[in-house]
Amino acid sequence: MTPLLARTKVSVWNGKKSPRPSSYCPFHFSLATMNMLLSFVLVCCVLHAVSCLFVPTRMRNSVVNLEEPNEFCDEGPPGRYCLEDLSGWHDCHVEQGEMVDTIYYCPSNTRCACFYGPPCPGSLENPCQPFRLPPPIQPKFTAAYSAREILCSPMGCNTFTYYGGEMQSLVENKKRDDVHKGDFRSTFILPGNGSGYMEYEVLWKNEDCQKKEIKDFPETSIPSYFSYNGHVKLDSILCDQWIWKTGGHNIGQPTTFTAYYMYNKTYPDKRYREFGGANGIEYVPLLLQMDSNSGPVGKTSIRLNITITEFLPRVVNETLFEVPSFCLP
């Protein structure tokens with residue numbers, strides 16, 4: 001994701017100059033070739049205390065951008081928009097015929113609730129809201145999935161289907177992604193000799209192996225900036241929906257919508273015991289949905305649904321983390 005704000009600008013916060021947050025790290029999926037792609041506050045009995053807690057920082061300490069007019073606000077209509085890291089929001093408004101950007105920072109334990117790109121709705125009195133972090137995905141798991149991808153352009157739409165699987169162990173920091181999409185490919189992530197990791201891209205048919213060092217382990221998880229969006233029923237299964245949106249600051253910008261659907265699954269006793277798990281109910285992913293639209297210039301869109309057909313928490317087959325012999329020196 002190319003950051004809309006390429007330069008660091010200076011704001012005044014509590015009387016001190018501080019750099020504005022730099023570009024926000026985009027979310028990272030990791031299912032197959034992508035890395036998978038998993039209350040509101042107090043009762044109003046103390047209204048004054050609550051109102052003091054959730055008012056934006058500007059109402060107590062001004063946070064005013066020193067460059068006017070502002071590049072971010074010039075890219076779209078007036079409104080309230082989250083900063084990239086959700087630590088506050090832009091108030092884009094017109095003063096004396098020029099667009100001006102006033103930045104508000106959120107109090108602790110709150111963040112901007114309008115995602116990155118879309119304007120905050122007028123019904124939301126204060127963009128800074130308490131938030132709930134997404135649930136962690138099991139540190140060890142084995143999963144299988146099927147995927148359906150629809151690509152549309154002015155020439156028409158094409159549909160692709162494929163399937164694959166993933167194993168992850170955060171105990172040993174190992175990972176394997178398999179995808180069957182015309183051919184059979186696998187990606188292995190294993191601890192390296194130093195502080196990083198080795199990534200192996202394997203094309204089994206040709207016994208081809210490409211390897212490189214990477215710095216960070218691409219953990220499969222629901223990114224922390226996703227927001228809880230209530231319950232959604234998929235077929236007969238009641239799921240929690242966790243969502244993220246980008247773009248839409250103006251009508252020409254690309255937009256994305258991503259959602260994880262999680263639910264409580266009861267595992268059959270005998271089969272789960274055979275895989276080494278425990279009996280009971282587990283909170284697991286059911287579906288990953290990704291929609292993107294290039295906007296009126298590119299006129300293309302992609303819709304991808306990844307359905308988790310099997311998810312076994314705490315279960316991995318360690319031998320399947322071994323890279324094939326043609327990858328070894």
# chains A, B, ... in the order shown; residues from 1 in each chain; ligands from 1

call {"tool": "select_by_dssp", "arguments": {"residues": "region 208-317 of chain A", "states": "strand (DSSP E)", "output": "ChimeraX atom specification"}}
result
/A:208-214,227-234,237-247,255-267,280-293,301-313

call {"tool": "select_by_dssp", "arguments": {"residues": "region 122-282 of chain A", "states": "alpha helix (DSSP H)", "output": "ChimeraX atom specification"}}
result
/A:269-274

call {"tool": "write_last_selection", "arguments": {"atoms": "N, CA and C atoms", "output": "compact mmCIF listing (two decimals), in the first residue's frame"}}
result
# COMPACT_ATOMS: atom_id res chain seq x y z
N ASP A 269 -15.24 -35.87 19.12
CA ASP A 269 -14.29 -36.39 20.11
C ASP A 269 -13.22 -37.28 19.49
N LYS A 270 -13.63 -38.32 18.81
CA LYS A 270 -12.69 -39.34 18.36
C LYS A 270 -11.69 -38.77 17.36
N ARG A 271 -12.16 -38.07 16.35
CA ARG A 271 -11.25 -37.60 15.31
C ARG A 271 -10.25 -36.59 15.86
N TYR A 272 -10.73 -35.70 16.71
CA TYR A 272 -9.82 -34.68 17.24
C TYR A 272 -8.77 -35.31 18.14
N ARG A 273 -9.13 -36.31 18.89
CA ARG A 273 -8.16 -37.01 19.73
C ARG A 273 -7.10 -37.69 18.88
N GLU A 274 -7.51 -38.22 17.74
CA GLU A 274 -6.55 -38.88 16.85
C GLU A 274 -5.49 -37.91 16.35

call {"tool": "residues_around", "arguments": {"residues": "region 71-74 of chain A", "least_positions_apart": "3", "cutoff": "7 Å", "atoms": "only C-alpha atoms", "output": "PDB file with N, CA and C atoms, in the first residue's frame"}}
result
ATOM      1  N   LEU A   5       0.800   9.899   2.445  1.00  0.00           N
ATOM      2  CA  LEU A   5       1.620  10.976   2.991  1.00  0.00           C
ATOM      3  C   LEU A   5       3.076  10.566   2.891  1.00  0.00           C
ATOM      4  N   CYS A  92     -10.459  17.926   7.943  1.00  0.00           N
ATOM      5  CA  CYS A  92     -10.240  18.654   6.689  1.00  0.00           C
ATOM      6  C   CYS A  92     -11.397  19.645   6.502  1.00  0.00           C
ATOM      7  N   MET A  99      -8.173  24.762   1.796  1.00  0.00           N
ATOM      8  CA  MET A  99      -8.369  23.564   2.594  1.00  0.00           C
ATOM      9  C   MET A  99      -7.327  23.519   3.708  1.00  0.00           C
ATOM     10  N   VAL A 100      -7.781  23.291   4.919  1.00  0.00           N
ATOM     11  CA  VAL A 100      -6.908  23.271   6.087  1.00  0.00           C
ATOM     12  C   VAL A 100      -7.049  21.925   6.788  1.00  0.00           C
ATOM     13  N   ASP A 101      -5.932  21.422   7.304  1.00  0.00           N
ATOM     14  CA  ASP A 101      -5.905  20.136   8.015  1.00  0.00           C
ATOM     15  C   ASP A 101      -5.575  20.383   9.478  1.00  0.00           C
TER      16      ASP A 101
END

call {"tool": "residues_around", "arguments": {"residues": "Asn229 (chain A)", "least_positions_apart": "6", "cutoff": "10 Å", "atoms": "only C-alpha atoms", "output": "list of chain:residue names"}}
result
A:Asp240, A:Gln241, A:Trp242, A:Ile243, A:Trp244, A:Ala259

call {"tool": "closest_atom_pairs", "arguments": {"of": "region 59-156 of chain A", "to": "region 280-295 of chain A", "cutoff": "10 Å", "atoms": "only C-alpha atoms", "output": "Markdown table"}}
result
| residue | atom | partner | partner_atom | distance |
| --- | --- | --- | --- | --- |
| A:Pro135 | CA | A:Tyr283 | CA | 8.6 |
| A:Pro136 | CA | A:Tyr283 | CA | 9.3 |
| A:Ile137 | CA | A:Val284 | CA | 7.2 |
| A:Gln138 | CA | A:Val284 | CA | 8.3 |
| A:Ala143 | CA | A:Pro285 | CA | 9.7 |
| A:Tyr145 | CA | A:Leu287 | CA | 9.1 |
| A:Ser146 | CA | A:Leu287 | CA | 9.8 |
| A:Ala147 | CA | A:Leu288 | CA | 9.4 |
| A:Arg148 | CA | A:Gln289 | CA | 9.9 |
| A:Glu149 | CA | A:Met290 | CA | 9.4 |
| A:Ile150 | CA | A:Asp291 | CA | 9.6 |
| A:Leu151 | CA | A:Ser292 | CA | 9.8 |
| A:Cys152 | CA | A:Asn293 | CA | 9.4 |
| A:Ser153 | CA | A:Ser294 | CA | 9.8 |

call {"tool": "residues_around", "arguments": {"residues": "Pro139 (chain A)", "least_positions_apart": "5", "cutoff": "12 Å", "atoms": "only C-alpha atoms", "output": "VMD selection string"}}
result
chain A and resid 38 167 to 175 219 to 221 284 312 to 316

call {"tool": "write_last_selection", "arguments": {"atoms": "C-alpha atoms", "output": "compact mmCIF listing (two decimals), in the first residue's frame"}}
result
# COMPACT_ATOMS: atom_id res chain seq x y z
CA LEU A 38 -8.29 -14.26 12.29
CA MET A 167 0.59 -25.33 8.74
CA GLN A 168 2.02 -22.93 11.28
CA SER A 169 3.93 -23.36 14.51
CA LEU A 170 4.79 -20.23 16.46
CA VAL A 171 6.58 -22.45 18.97
CA GLU A 172 9.35 -23.27 16.46
CA ASN A 173 8.58 -20.36 14.08
CA LYS A 174 7.92 -22.66 11.16
CA LYS A 175 5.35 -22.40 8.42
CA GLU A 219 2.65 -14.96 11.16
CA THR A 220 -0.90 -15.86 10.17
CA SER A 221 -3.16 -13.74 12.33
CA VAL A 284 -11.56 -20.78 14.57
CA LEU A 312 -7.14 -28.31 13.44
CA PRO A 313 -5.88 -26.23 16.37
CA ARG A 314 -2.65 -27.29 18.11
CA VAL A 315 -1.98 -29.91 15.43
CA VAL A 316 1.03 -30.00 13.07

call {"tool": "closest_residue", "arguments": {"among": "A:Leu83, A:Ile308, A:Ile189, A:Cys114", "to": "Glu322 (chain A)", "atoms": "only C-alpha atoms"}}
result
A:Ile189

call {"tool": "residues_around", "arguments": {"residues": "Trp204 (chain A)", "least_positions_apart": "6", "cutoff": "8 Å", "atoms": "only C-alpha atoms", "output": "number ranges by chain"}}
result
A: 184-186

call {"tool": "closest_residue", "arguments": {"among": "A:Cys239, A:Asn317, A:Ser227, A:Pro324", "to": "Leu203 (chain A)", "atoms": "only C-alpha atoms"}}
result
A:Pro324

call {"tool": "closest_residue", "arguments": {"among": "A:Phe257, A:Asn250, A:His180, A:Asn305", "to": "Phe226 (chain A)", "atoms": "only C-alpha atoms"}}
result
A:Phe257

call {"tool": "atom_distance", "arguments": {"atom1": "CA of Tyr104 (chain A)", "atom2": "CA of Cys120 (chain A)"}}
result
13.4 Å

call {"tool": "residues_around", "arguments": {"residues": "Val323 (chain A)", "least_positions_apart": "6", "cutoff": "10 Å", "atoms": "only C-alpha atoms", "output": "MDAnalysis selection string"}}
result
chainID A and resid 176 186:190 200:202 209

call {"tool": "write_last_selection", "arguments": {"atoms": "all heavy atoms", "output": "tab-separated table (two decimals), in the first residue's frame"}}
result
chain	number	residue	atom	x	y	z
A	176	ARG	N	4.35	-23.59	6.60
A	176	ARG	CA	4.31	-24.15	5.24
A	176	ARG	C	2.96	-23.79	4.62
A	176	ARG	O	1.90	-24.01	5.23
A	176	ARG	CB	4.49	-25.66	5.26
A	176	ARG	CG	4.27	-26.30	3.88
A	176	ARG	CD	4.60	-27.77	3.86
A	176	ARG	NE	4.21	-28.38	2.60
A	176	ARG	CZ	4.58	-29.60	2.20
A	176	ARG	NH1	5.36	-30.34	2.99
A	176	ARG	NH2	4.18	-30.07	1.03
A	186	SER	N	4.68	-24.85	-3.09
A	186	SER	CA	4.75	-24.75	-1.63
A	186	SER	C	5.71	-23.64	-1.24
A	186	SER	O	6.70	-23.38	-1.94
A	186	SER	CB	5.22	-26.07	-1.00
A	186	SER	OG	4.31	-27.11	-1.26
A	187	THR	N	5.41	-23.02	-0.12
A	187	THR	CA	6.30	-22.03	0.49
A	187	THR	C	6.62	-22.48	1.90
A	187	THR	O	5.71	-22.74	2.69
A	187	THR	CB	5.66	-20.64	0.53
A	187	THR	OG1	5.32	-20.23	-0.80
A	187	THR	CG2	6.62	-19.62	1.13
A	188	PHE	N	7.91	-22.62	2.19
A	188	PHE	CA	8.37	-22.98	3.53
A	188	PHE	C	9.02	-21.77	4.18
A	188	PHE	O	9.83	-21.08	3.53
A	188	PHE	CB	9.41	-24.11	3.47
A	188	PHE	CG	8.89	-25.42	2.93
A	188	PHE	CD1	8.77	-25.63	1.56
A	188	PHE	CD2	8.54	-26.45	3.80
A	188	PHE	CE1	8.32	-26.84	1.06
A	188	PHE	CE2	8.08	-27.66	3.30
A	188	PHE	CZ	7.96	-27.86	1.94
A	189	ILE	N	8.71	-21.51	5.43
A	189	ILE	CA	9.39	-20.49	6.23
A	189	ILE	C	10.00	-21.21	7.42
A	189	ILE	O	9.27	-21.79	8.24
A	189	ILE	CB	8.44	-19.38	6.71
A	189	ILE	CG1	7.63	-18.81	5.56
A	189	ILE	CG2	9.22	-18.30	7.46
A	189	ILE	CD1	8.44	-18.02	4.56
A	190	LEU	N	11.33	-21.16	7.52
A	190	LEU	CA	12.03	-21.88	8.58
A	190	LEU	C	13.07	-20.97	9.22
A	190	LEU	O	13.54	-20.02	8.59
A	190	LEU	CB	12.73	-23.13	8.01
A	190	LEU	CG	11.82	-24.14	7.30
A	190	LEU	CD1	12.67	-25.22	6.63
A	190	LEU	CD2	10.83	-24.76	8.28
A	200	TYR	N	11.62	-20.67	1.32
A	200	TYR	CA	11.83	-21.57	0.18
A	200	TYR	C	10.56	-21.59	-0.66
A	200	TYR	O	9.48	-21.92	-0.16
A	200	TYR	CB	12.13	-22.99	0.64
A	200	TYR	CG	13.37	-23.13	1.50
A	200	TYR	CD1	13.32	-22.91	2.88
A	200	TYR	CD2	14.59	-23.50	0.94
A	200	TYR	CE1	14.45	-23.05	3.68
A	200	TYR	CE2	15.73	-23.65	1.74
A	200	TYR	CZ	15.64	-23.41	3.10
A	200	TYR	OH	16.76	-23.56	3.89
A	201	GLU	N	10.67	-21.23	-1.94
A	201	GLU	CA	9.55	-21.31	-2.88
A	201	GLU	C	9.78	-22.53	-3.76
A	201	GLU	O	10.75	-22.57	-4.53
A	201	GLU	CB	9.46	-20.05	-3.74
A	201	GLU	CG	9.14	-18.78	-2.97
A	201	GLU	CD	7.67	-18.66	-2.63
A	201	GLU	OE1	6.88	-19.52	-3.10
A	201	GLU	OE2	7.31	-17.73	-1.89
A	202	VAL	N	8.89	-23.50	-3.65
A	202	VAL	CA	9.10	-24.80	-4.30
A	202	VAL	C	8.05	-25.04	-5.37
A	202	VAL	O	6.85	-24.94	-5.11
A	202	VAL	CB	9.05	-25.93	-3.25
A	202	VAL	CG1	9.18	-27.29	-3.94
A	202	VAL	CG2	10.15	-25.75	-2.22
A	209	CYS	N	13.55	-24.84	-6.81
A	209	CYS	CA	13.53	-24.29	-5.46
A	209	CYS	C	14.24	-22.94	-5.43
A	209	CYS	O	15.43	-22.86	-5.75
A	209	CYS	CB	14.19	-25.27	-4.48
A	209	CYS	SG	14.14	-24.73	-2.75
